[in-house]
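Visitor: For reference, the file coords_13.cif (mmCIF, C-alpha atoms; chains and numbers go by the auth columns) is included below:
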data_structure
loop_
_atom_site.group_PDB
_atom_site.id
_atom_site.type_symbol
_atom_site.label_atom_id
_atom_site.label_comp_id
_atom_site.label_asym_id
_atom_site.label_seq_id
_atom_site.Cartn_x
_atom_site.Cartn_y
_atom_site.Cartn_z
_atom_site.B_iso_or_equiv
_atom_site.auth_seq_id
_atom_site.auth_asym_id
ATOM 1 C CA ASP A 1 11.477 17.440 3.260 0.00 1 D
ATOM 2 C CA GLY A 2 10.240 15.381 0.313 0.00 2 D
ATOM 3 C CA GLY A 3 7.055 13.437 0.706 0.00 3 D
ATOM 4 C CA ILE A 4 3.352 13.015 0.089 0.00 4 D
ATOM 5 C CA THR A 5 0.659 14.955 1.861 0.00 5 D
ATOM 6 C CA GLN A 6 -3.020 14.089 2.027 0.00 6 D
ATOM 7 C CA SER A 7 -5.809 16.241 3.312 0.00 7 D
ATOM 8 C CA PRO A 8 -7.955 16.226 5.226 0.00 8 D
ATOM 9 C CA LYS A 9 -7.012 13.500 7.689 0.00 9 D
ATOM 10 C CA TYR A 10 -10.671 12.895 8.561 0.00 10 D
ATOM 11 C CA LEU A 11 -13.649 13.638 6.323 0.00 11 D
ATOM 12 C CA PHE A 12 -17.345 13.216 6.920 0.00 12 D
ATOM 13 C CA ARG A 13 -19.819 13.028 4.058 0.00 13 D
ATOM 14 C CA LYS A 14 -23.560 13.163 3.983 0.00 14 D
ATOM 15 C CA GLU A 15 -25.554 10.878 1.757 0.00 15 D
ATOM 16 C CA GLY A 16 -25.692 12.165 -1.828 0.00 16 D
ATOM 17 C CA GLN A 17 -22.712 14.466 -1.434 0.00 17 D
ATOM 18 C CA ASN A 18 -19.559 14.527 -3.552 0.00 18 D
ATOM 19 C CA VAL A 19 -16.279 15.018 -1.698 0.00 19 D
ATOM 20 C CA THR A 20 -12.727 15.547 -2.920 0.00 20 D
ATOM 21 C CA LEU A 21 -9.617 14.155 -1.266 0.00 21 D
ATOM 22 C CA SER A 22 -6.365 15.979 -1.834 0.00 22 D
ATOM 23 C CA CYS A 23 -2.992 14.386 -2.604 0.00 23 D
ATOM 24 C CA GLU A 24 0.195 16.355 -3.237 0.00 24 D
ATOM 25 C CA GLN A 25 3.764 15.111 -3.712 0.00 25 D
ATOM 26 C CA ASN A 26 7.076 16.964 -4.008 0.00 26 D
ATOM 27 C CA LEU A 27 9.142 13.907 -4.923 0.00 27 D
ATOM 28 C CA ASN A 28 9.063 14.693 -8.650 0.00 28 D
ATOM 29 C CA HIS A 29 7.473 11.296 -9.280 0.00 29 D
ATOM 30 C CA ASP A 30 5.683 10.679 -12.556 0.00 30 D
ATOM 31 C CA ALA A 31 3.228 8.050 -11.302 0.00 31 D
ATOM 32 C CA MET A 32 0.556 8.534 -8.650 0.00 32 D
ATOM 33 C CA TYR A 33 -1.997 6.106 -7.229 0.00 33 D
ATOM 34 C CA TRP A 34 -5.154 6.011 -5.147 0.00 34 D
ATOM 35 C CA TYR A 35 -5.974 3.004 -2.973 0.00 35 D
ATOM 36 C CA ARG A 36 -8.887 2.153 -0.773 0.00 36 D
ATOM 37 C CA GLN A 37 -8.332 0.093 2.377 0.00 37 D
ATOM 38 C CA ASP A 38 -11.103 -1.731 4.234 0.00 38 D
ATOM 39 C CA PRO A 39 -10.582 -3.988 7.249 0.00 39 D
ATOM 40 C CA GLY A 40 -9.386 -7.428 6.172 0.00 40 D
ATOM 41 C CA GLN A 41 -9.240 -6.544 2.451 0.00 41 D
ATOM 42 C CA GLY A 42 -5.816 -5.036 2.012 0.00 42 D
ATOM 43 C CA LEU A 43 -5.200 -2.233 -0.483 0.00 43 D
ATOM 44 C CA ARG A 44 -7.392 -2.051 -3.578 0.00 44 D
ATOM 45 C CA LEU A 45 -6.412 0.175 -6.501 0.00 45 D
ATOM 46 C CA ILE A 46 -8.955 2.838 -7.488 0.00 46 D
ATOM 47 C CA TYR A 47 -7.147 4.915 -10.128 0.00 47 D
ATOM 48 C CA TYR A 48 -3.592 5.576 -11.189 0.00 48 D
ATOM 49 C CA SER A 49 -1.799 8.072 -13.387 0.00 49 D
ATOM 50 C CA GLN A 50 1.579 7.648 -15.041 0.00 50 D
ATOM 51 C CA ILE A 51 1.811 11.114 -16.600 0.00 51 D
ATOM 52 C CA VAL A 52 0.059 14.461 -16.458 0.00 52 D
ATOM 53 C CA ASN A 53 -3.344 14.588 -18.158 0.00 53 D
ATOM 54 C CA ASP A 54 -3.604 10.812 -18.316 0.00 54 D
ATOM 55 C CA PHE A 55 -5.014 8.248 -15.871 0.00 55 D
ATOM 56 C CA GLN A 56 -6.307 4.678 -15.837 0.00 56 D
ATOM 57 C CA LYS A 57 -8.990 2.870 -13.900 0.00 57 D
ATOM 58 C CA GLY A 58 -7.892 0.422 -11.269 0.00 58 D
ATOM 59 C CA ASP A 59 -9.827 -2.504 -9.885 0.00 59 D
ATOM 60 C CA ILE A 60 -12.599 -0.536 -8.130 0.00 60 D
ATOM 61 C CA ALA A 61 -13.028 2.737 -10.069 0.00 61 D
ATOM 62 C CA GLU A 62 -16.851 2.857 -10.071 0.00 62 D
ATOM 63 C CA GLY A 63 -18.167 5.855 -8.138 0.00 63 D
ATOM 64 C CA TYR A 64 -14.813 7.663 -8.148 0.00 64 D
ATOM 65 C CA SER A 65 -13.193 10.239 -10.428 0.00 65 D
ATOM 66 C CA VAL A 66 -9.716 11.771 -10.651 0.00 66 D
ATOM 67 C CA SER A 67 -7.780 14.450 -12.489 0.00 67 D
ATOM 68 C CA ARG A 68 -4.076 14.970 -13.125 0.00 68 D
ATOM 69 C CA GLU A 69 -3.573 18.539 -14.267 0.00 69 D
ATOM 70 C CA LYS A 70 -0.228 18.936 -12.501 0.00 70 D
ATOM 71 C CA LYS A 71 2.565 16.483 -11.835 0.00 71 D
ATOM 72 C CA GLU A 72 2.433 17.214 -8.116 0.00 72 D
ATOM 73 C CA SER A 73 -1.297 16.776 -7.598 0.00 73 D
ATOM 74 C CA PHE A 74 -3.752 13.892 -8.007 0.00 74 D
ATOM 75 C CA PRO A 75 -7.097 14.662 -6.333 0.00 75 D
ATOM 76 C CA LEU A 76 -9.748 11.966 -5.883 0.00 76 D
ATOM 77 C CA THR A 77 -13.467 12.740 -5.934 0.00 77 D
ATOM 78 C CA VAL A 78 -15.806 10.318 -4.227 0.00 78 D
ATOM 79 C CA THR A 79 -19.155 10.785 -5.925 0.00 79 D
ATOM 80 C CA SER A 80 -22.650 10.043 -4.703 0.00 80 D
ATOM 81 C CA ALA A 81 -22.604 7.013 -7.030 0.00 81 D
ATOM 82 C CA GLN A 82 -20.176 5.264 -4.663 0.00 82 D
ATOM 83 C CA LYS A 83 -22.566 3.293 -2.488 0.00 83 D
ATOM 84 C CA ASN A 84 -20.213 2.360 0.319 0.00 84 D
ATOM 85 C CA PRO A 85 -17.537 5.049 0.541 0.00 85 D
ATOM 86 C CA THR A 86 -16.643 4.689 4.223 0.00 86 D
ATOM 87 C CA ALA A 87 -13.002 3.573 4.170 0.00 87 D
ATOM 88 C CA PHE A 88 -9.384 4.616 4.614 0.00 88 D
ATOM 89 C CA TYR A 89 -7.983 6.199 1.419 0.00 89 D
ATOM 90 C CA LEU A 90 -4.289 6.140 0.626 0.00 90 D
ATOM 91 C CA CYS A 91 -2.409 8.056 -2.035 0.00 91 D
ATOM 92 C CA ALA A 92 0.974 6.898 -3.286 0.00 92 D
ATOM 93 C CA SER A 93 3.585 8.010 -5.773 0.00 93 D
ATOM 94 C CA TRP A 94 6.327 6.163 -7.621 0.00 94 D
ATOM 95 C CA SER A 95 9.371 7.198 -9.602 0.00 95 D
ATOM 96 C CA GLY A 96 8.611 4.533 -12.166 0.00 96 D
ATOM 97 C CA ASP A 97 9.583 0.993 -12.979 0.00 97 D
ATOM 98 C CA SER A 98 12.935 1.947 -14.487 0.00 98 D
ATOM 99 C CA SER A 99 14.488 2.172 -11.042 0.00 99 D
ATOM 100 C CA TYR A 100 12.201 -0.257 -9.187 0.00 100 D
ATOM 101 C CA ASN A 101 12.099 2.123 -6.255 0.00 101 D
ATOM 102 C CA GLU A 102 9.343 1.663 -3.768 0.00 102 D
ATOM 103 C CA GLN A 103 5.979 3.386 -3.823 0.00 103 D
ATOM 104 C CA PHE A 104 5.819 6.128 -1.218 0.00 104 D
ATOM 105 C CA PHE A 105 2.543 6.461 0.659 0.00 105 D
ATOM 106 C CA GLY A 106 0.818 9.442 2.183 0.00 106 D
ATOM 107 C CA PRO A 107 -0.661 9.401 5.710 0.00 107 D
ATOM 108 C CA GLY A 108 -4.184 8.617 4.494 0.00 108 D
ATOM 109 C CA THR A 109 -7.660 10.133 4.714 0.00 109 D
ATOM 110 C CA ARG A 110 -10.409 8.409 6.661 0.00 110 D
ATOM 111 C CA LEU A 111 -13.785 9.039 5.056 0.00 111 D
ATOM 112 C CA THR A 112 -16.977 8.381 6.967 0.00 112 D
ATOM 113 C CA VAL A 113 -20.495 8.625 5.581 0.00 113 D
ATOM 114 C CA LEU A 114 -22.977 9.987 8.070 0.00 114 D
ATOM 115 C CA GLU B 1 -3.787 -11.592 -13.259 0.00 115 R
ATOM 116 C CA ASP B 2 -1.273 -11.176 -10.448 0.00 116 R
ATOM 117 C CA GLN B 3 -2.256 -12.685 -7.095 0.00 117 R
ATOM 118 C CA VAL B 4 -0.742 -12.352 -3.625 0.00 118 R
ATOM 119 C CA THR B 5 -1.694 -14.400 -0.574 0.00 119 R
ATOM 120 C CA GLN B 6 -0.343 -13.662 2.880 0.00 120 R
ATOM 121 C CA SER B 7 -0.427 -15.982 5.873 0.00 121 R
ATOM 122 C CA PRO B 8 -1.228 -16.113 8.660 0.00 122 R
ATOM 123 C CA GLU B 9 -3.874 -13.377 8.794 0.00 123 R
ATOM 124 C CA ALA B 10 -2.912 -12.656 12.385 0.00 124 R
ATOM 125 C CA LEU B 11 -0.009 -13.702 14.577 0.00 125 R
ATOM 126 C CA ARG B 12 0.557 -13.189 18.266 0.00 126 R
ATOM 127 C CA LEU B 13 4.075 -13.597 19.627 0.00 127 R
ATOM 128 C CA GLN B 14 5.707 -13.099 22.959 0.00 128 R
ATOM 129 C CA GLU B 15 8.676 -10.767 23.109 0.00 129 R
ATOM 130 C CA GLY B 16 11.748 -12.662 21.934 0.00 130 R
ATOM 131 C CA GLU B 17 9.750 -15.405 20.181 0.00 131 R
ATOM 132 C CA SER B 18 11.011 -15.530 16.584 0.00 132 R
ATOM 133 C CA SER B 19 8.686 -16.414 13.694 0.00 133 R
ATOM 134 C CA SER B 20 8.073 -15.942 9.962 0.00 134 R
ATOM 135 C CA LEU B 21 5.364 -14.371 7.835 0.00 135 R
ATOM 136 C CA ASN B 22 4.593 -15.833 4.431 0.00 136 R
ATOM 137 C CA CYS B 23 3.756 -14.169 1.119 0.00 137 R
ATOM 138 C CA SER B 24 2.981 -16.486 -1.787 0.00 138 R
ATOM 139 C CA TYR B 25 2.469 -15.028 -5.228 0.00 139 R
ATOM 140 C CA THR B 26 1.422 -15.800 -8.774 0.00 140 R
ATOM 141 C CA VAL B 27 2.659 -13.395 -11.438 0.00 141 R
ATOM 142 C CA SER B 28 3.393 -13.566 -15.128 0.00 142 R
ATOM 143 C CA GLY B 29 6.899 -12.232 -14.623 0.00 143 R
ATOM 144 C CA LEU B 30 8.096 -10.949 -11.275 0.00 144 R
ATOM 145 C CA ARG B 31 10.036 -7.702 -11.474 0.00 145 R
ATOM 146 C CA GLY B 32 9.953 -6.882 -7.776 0.00 146 R
ATOM 147 C CA LEU B 33 8.418 -7.948 -4.457 0.00 147 R
ATOM 148 C CA PHE B 34 7.871 -5.309 -1.789 0.00 148 R
ATOM 149 C CA TRP B 35 7.362 -5.542 1.971 0.00 149 R
ATOM 150 C CA TYR B 36 5.707 -2.715 3.889 0.00 150 R
ATOM 151 C CA ARG B 37 4.873 -2.128 7.540 0.00 151 R
ATOM 152 C CA GLN B 38 1.627 -0.354 8.425 0.00 152 R
ATOM 153 C CA ASP B 39 0.673 1.023 11.819 0.00 153 R
ATOM 154 C CA PRO B 40 -3.029 1.584 12.620 0.00 154 R
ATOM 155 C CA GLY B 41 -4.422 4.700 10.973 0.00 155 R
ATOM 156 C CA LYS B 42 -1.219 5.437 9.040 0.00 156 R
ATOM 157 C CA GLY B 43 0.128 4.930 5.558 0.00 157 R
ATOM 158 C CA PRO B 44 2.369 1.930 4.788 0.00 158 R
ATOM 159 C CA GLU B 45 6.079 2.358 5.416 0.00 159 R
ATOM 160 C CA PHE B 46 8.513 0.743 3.010 0.00 160 R
ATOM 161 C CA LEU B 47 10.743 -2.048 4.345 0.00 161 R
ATOM 162 C CA PHE B 48 12.330 -4.053 1.494 0.00 162 R
ATOM 163 C CA THR B 49 12.346 -4.737 -2.230 0.00 163 R
ATOM 164 C CA LEU B 50 13.463 -8.147 -3.518 0.00 164 R
ATOM 165 C CA TYR B 51 14.085 -8.708 -7.199 0.00 165 R
ATOM 166 C CA SER B 52 15.181 -12.293 -7.786 0.00 166 R
ATOM 167 C CA ALA B 53 14.972 -15.737 -6.201 0.00 167 R
ATOM 168 C CA GLY B 54 17.644 -16.307 -3.598 0.00 168 R
ATOM 169 C CA GLU B 55 17.899 -12.658 -2.647 0.00 169 R
ATOM 170 C CA GLU B 56 17.857 -11.702 1.041 0.00 170 R
ATOM 171 C CA LYS B 57 17.695 -8.344 2.795 0.00 171 R
ATOM 172 C CA GLU B 58 17.932 -7.430 6.474 0.00 172 R
ATOM 173 C CA LYS B 59 16.955 -4.496 8.617 0.00 173 R
ATOM 174 C CA GLU B 60 17.332 -4.673 12.375 0.00 174 R
ATOM 175 C CA ARG B 61 15.227 -7.672 13.523 0.00 175 R
ATOM 176 C CA LEU B 62 13.678 -8.248 10.084 0.00 176 R
ATOM 177 C CA LYS B 63 14.982 -10.397 7.255 0.00 177 R
ATOM 178 C CA ALA B 64 13.194 -10.878 3.948 0.00 178 R
ATOM 179 C CA THR B 65 13.867 -13.767 1.593 0.00 179 R
ATOM 180 C CA LEU B 66 12.537 -14.645 -1.848 0.00 180 R
ATOM 181 C CA THR B 67 11.958 -17.867 -3.802 0.00 181 R
ATOM 182 C CA LYS B 68 10.269 -18.367 -7.163 0.00 182 R
ATOM 183 C CA LYS B 69 6.886 -18.816 -5.492 0.00 183 R
ATOM 184 C CA GLU B 70 6.985 -17.047 -2.156 0.00 184 R
ATOM 185 C CA SER B 71 8.683 -14.617 0.170 0.00 185 R
ATOM 186 C CA PHE B 72 9.222 -14.848 3.900 0.00 186 R
ATOM 187 C CA LEU B 73 9.606 -12.066 6.411 0.00 187 R
ATOM 188 C CA HIS B 74 11.542 -13.469 9.347 0.00 188 R
ATOM 189 C CA ILE B 75 11.286 -11.630 12.653 0.00 189 R
ATOM 190 C CA THR B 76 14.050 -12.433 15.122 0.00 190 R
ATOM 191 C CA ALA B 77 13.530 -11.751 18.839 0.00 191 R
ATOM 192 C CA PRO B 78 10.627 -9.355 18.236 0.00 192 R
ATOM 193 C CA LYS B 79 9.811 -6.465 20.528 0.00 193 R
ATOM 194 C CA PRO B 80 6.398 -4.898 21.244 0.00 194 R
ATOM 195 C CA GLU B 81 7.264 -2.020 18.893 0.00 195 R
ATOM 196 C CA ASP B 82 7.316 -4.514 16.007 0.00 196 R
ATOM 197 C CA SER B 83 3.544 -4.872 16.373 0.00 197 R
ATOM 198 C CA ALA B 84 1.951 -3.755 13.101 0.00 198 R
ATOM 199 C CA THR B 85 0.383 -5.072 9.925 0.00 199 R
ATOM 200 C CA TYR B 86 2.922 -6.296 7.397 0.00 200 R
ATOM 201 C CA LEU B 87 1.959 -5.999 3.734 0.00 201 R
ATOM 202 C CA CYS B 88 3.458 -7.766 0.737 0.00 202 R
ATOM 203 C CA ALA B 89 3.089 -6.542 -2.859 0.00 203 R
ATOM 204 C CA VAL B 90 4.329 -7.674 -6.278 0.00 204 R
ATOM 205 C CA PHE B 91 5.234 -5.766 -9.416 0.00 205 R
ATOM 206 C CA SER B 92 5.120 -7.477 -12.789 0.00 206 R
ATOM 207 C CA GLY B 93 5.632 -4.527 -15.123 0.00 207 R
ATOM 208 C CA ALA B 94 2.034 -3.325 -15.459 0.00 208 R
ATOM 209 C CA SER B 95 2.923 -0.013 -13.753 0.00 209 R
ATOM 210 C CA LYS B 96 1.020 -0.973 -10.623 0.00 210 R
ATOM 211 C CA LEU B 97 1.478 -3.102 -7.533 0.00 211 R
ATOM 212 C CA THR B 98 -0.763 -5.950 -6.377 0.00 212 R
ATOM 213 C CA PHE B 99 -1.054 -6.171 -2.609 0.00 213 R
ATOM 214 C CA GLY B 100 -1.866 -9.018 -0.265 0.00 214 R
ATOM 215 C CA THR B 101 -4.291 -8.553 2.607 0.00 215 R
ATOM 216 C CA GLY B 102 -1.529 -8.395 5.191 0.00 216 R
ATOM 217 C CA THR B 103 -0.525 -10.138 8.412 0.00 217 R
ATOM 218 C CA ARG B 104 -1.437 -8.445 11.696 0.00 218 R
ATOM 219 C CA LEU B 105 1.400 -9.021 14.134 0.00 219 R
ATOM 220 C CA GLN B 106 1.042 -8.469 17.855 0.00 220 R
ATOM 221 C CA VAL B 107 4.069 -8.814 20.122 0.00 221 R
ATOM 222 C CA THR B 108 3.366 -8.976 23.842 0.00 222 R
ATOM 223 C CA LEU B 109 5.625 -8.660 26.880 0.00 223 R
#
Go ahead and render the structure in this file as structure tokens.

Guide:
Amino acid sequence: DGGITQSPKYLFRKEGQNVTLSCEQNLNHDAMYWYRQDPGQGLRLIYYSQIVNDFQKGDIAEGYSVSREKKESFPLTVTSAQKNPTAFYLCASWSGDSSYNEQFFGPGTRLTVL
Amino acid sequence: EDQVTQSPEALRLQEGESSSLNCSYTVSGLRGLFWYRQDPGKGPEFLFTLYSAGEEKEKERLKATLTKKESFLHITAPKPEDSATYLCAVFSGASKLTFGTGTRLQVTL
């Protein structure tokens, strides 16, 4: 089955700790995205990547970092510089604007700071 | 900068009571408008893409329409299983989507 997987489903972080969220897709999509979702604020774009070894900041990139070494993988690191990281994180992939197909979303990772 | 506003924020319907959700948008050049359904604690699930004013798409009890300024998601005779948050997003060619904050729909017996 083609799709997007995210792991872990739940993640707990201590103050001052960096954590990495995994996102893998087997849809052969070029573009991948990370969103943060807080209650009442919808989806906010953190980072996105249109091709391997290239990525762009979204609207709320401060305190986060990403890498895109493989087409299938787009991990997100939440650093200690992110002051309020407790949120629901969603990864998505897209075939690209040439076909206008929808973005496919993963199941999400809920991060809680202890 | 693209902007999307969804209304109402929350809507409570009785089973069988039809209604509409609104998504108004401001974009420099609309190339696509997307509707998603999201259940609590899960990722959004794609429903529809609309590309031009006047276009309509249907799926079961849902029908999405598009004008030059807004889109409506009409829900006909809803059932409790239609309860979810419905998200609207626009694409204007900048390789990313801009999402609204969603409408939380609750359908009761």

Visitor: Using only C-alpha atoms, which residues of chain D come within 6 Å of chain R, and what is the closest atom pair for each, with the distance in Å to one decimal? Give it as JSON lines, sorted by chain and residue number.

Guide:
{"residue": "D:Gln41", "atom": "CA", "partner": "R:Thr215", "partner_atom": "CA", "distance": 5.3}
{"residue": "D:Gly42", "atom": "CA", "partner": "R:Thr215", "partner_atom": "CA", "distance": 3.9}
{"residue": "D:Phe105", "atom": "CA", "partner": "R:Gly157", "partner_atom": "CA", "distance": 5.7}
{"residue": "D:Gly106", "atom": "CA", "partner": "R:Gly157", "partner_atom": "CA", "distance": 5.7}
{"residue": "D:Pro107", "atom": "CA", "partner": "R:Gly157", "partner_atom": "CA", "distance": 4.5}
{"residue": "D:Gly108", "atom": "CA", "partner": "R:Gly157", "partner_atom": "CA", "distance": 5.8}

Visitor: Taking the file as shown, what set of residues would the PyMOL selection byres ((chain D and resi 26-37) around 7) give back, as an MDAnalysis selection string?

Guide: chainID D and resid 2:4 24:25 38:39 41:51 71:72 74 87:96

Visitor: Which residues are near Ala167 of chain R? Cut-off 9 Å, all atoms listed in the file, ignore same chain within fewer than 3 positions. Put them as a ChimeraX atom specification.

Guide: /R:164,170,179-183

Visitor: Atom CA of Ser73 of chain D and atom CA of Gln152 of chain R, how far apart in Å?

Guide: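 Straight-line distance from atom CA of Gln152 of chain R to atom CA of Ser73 of chain D works out to 23.6 Å.
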
Visitor: Rank R:Lys177, R:Ile189, R:Glu184, R:Glu115 by their smallest atom-to-atom distance to Ser133 of chain R, using all atoms listed in the file, and report the top residue only.

Guide: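 Selected residue with least distance to Ser133 of chain R: R:Ile189.
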
Visitor: Which residue out of D:Gln56, D:Thr77, D:Ser65, D:Ser22 has the minimum interatomic distance to Lys9 of chain D when only C-alpha atoms are used?

Guide: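 Closest candidate: D:Ser22.
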
Visitor: If the PyMOL selection byres ((chain R and resi 135-139) around 7) were run on this exact file, what residues would it hold? Put them as an NGL selection string.

Guide: :R and (117-122 or 134 or 140-141 or 183-188 or 202)

Visitor: Quick check, in Å to one decimal: how far apart do atom CA of Pro85 of chain D and atom CA of Val66 of chain D lie?

Guide: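 Calculated distance between atom CA of Pro85 of chain D and atom CA of Val66 of chain D is 15.2 Å.
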
Visitor: Looking at only C-alpha atoms, which of R:Thr190, R:Thr199, R:Ser166, R:Thr222 is the one that sits closest to Arg151 of chain R?

Guide: R:Thr199

Visitor: Hey, what comes out of the PyMOL selection byres ((chain D and resi 10) around 10) on this file? Could you write it as a list of chain:residue names?

Guide: D:Ser7, D:Pro8, D:Lys9, D:Leu11, D:Phe12, D:Leu21, D:Phe88, D:Gly108, D:Thr109, D:Arg110, D:Leu111, D:Thr112

Visitor: Pick from D:Asn53, D:Val113, D:Gly63, D:Thr5: nearest to Thr79 of chain D, with only C-alpha atoms counted?

Guide: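 That would be D:Gly63, the residue with the smallest distance to Thr79 of chain D.
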
Visitor: If you measure from atom CA of Pro192 of chain R to atom CA of Leu144 of chain R, what distance in Å do you get, rounded to one decimal?

Guide: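 Straight-line distance from atom CA of Pro192 of chain R to atom CA of Leu144 of chain R works out to 29.7 Å.
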
Visitor: Please, what is the axis-aligned box for every listed atom of segment 3-16 of chain D with 4 Å on each side, as centre and edge lengths in Å to one decimal, as JSON?

Guide:
{"center_x": -9.3, "center_y": 13.6, "center_z": 3.4, "size_x": 40.7, "size_y": 13.4, "size_z": 18.4}

Visitor: Here is a test: counting all atoms listed in the file, which residue of R:Gln220, R:Gly143, R:Arg126, R:Lys173 is nearest to Asp196 of chain R?

Guide: R:Gln220
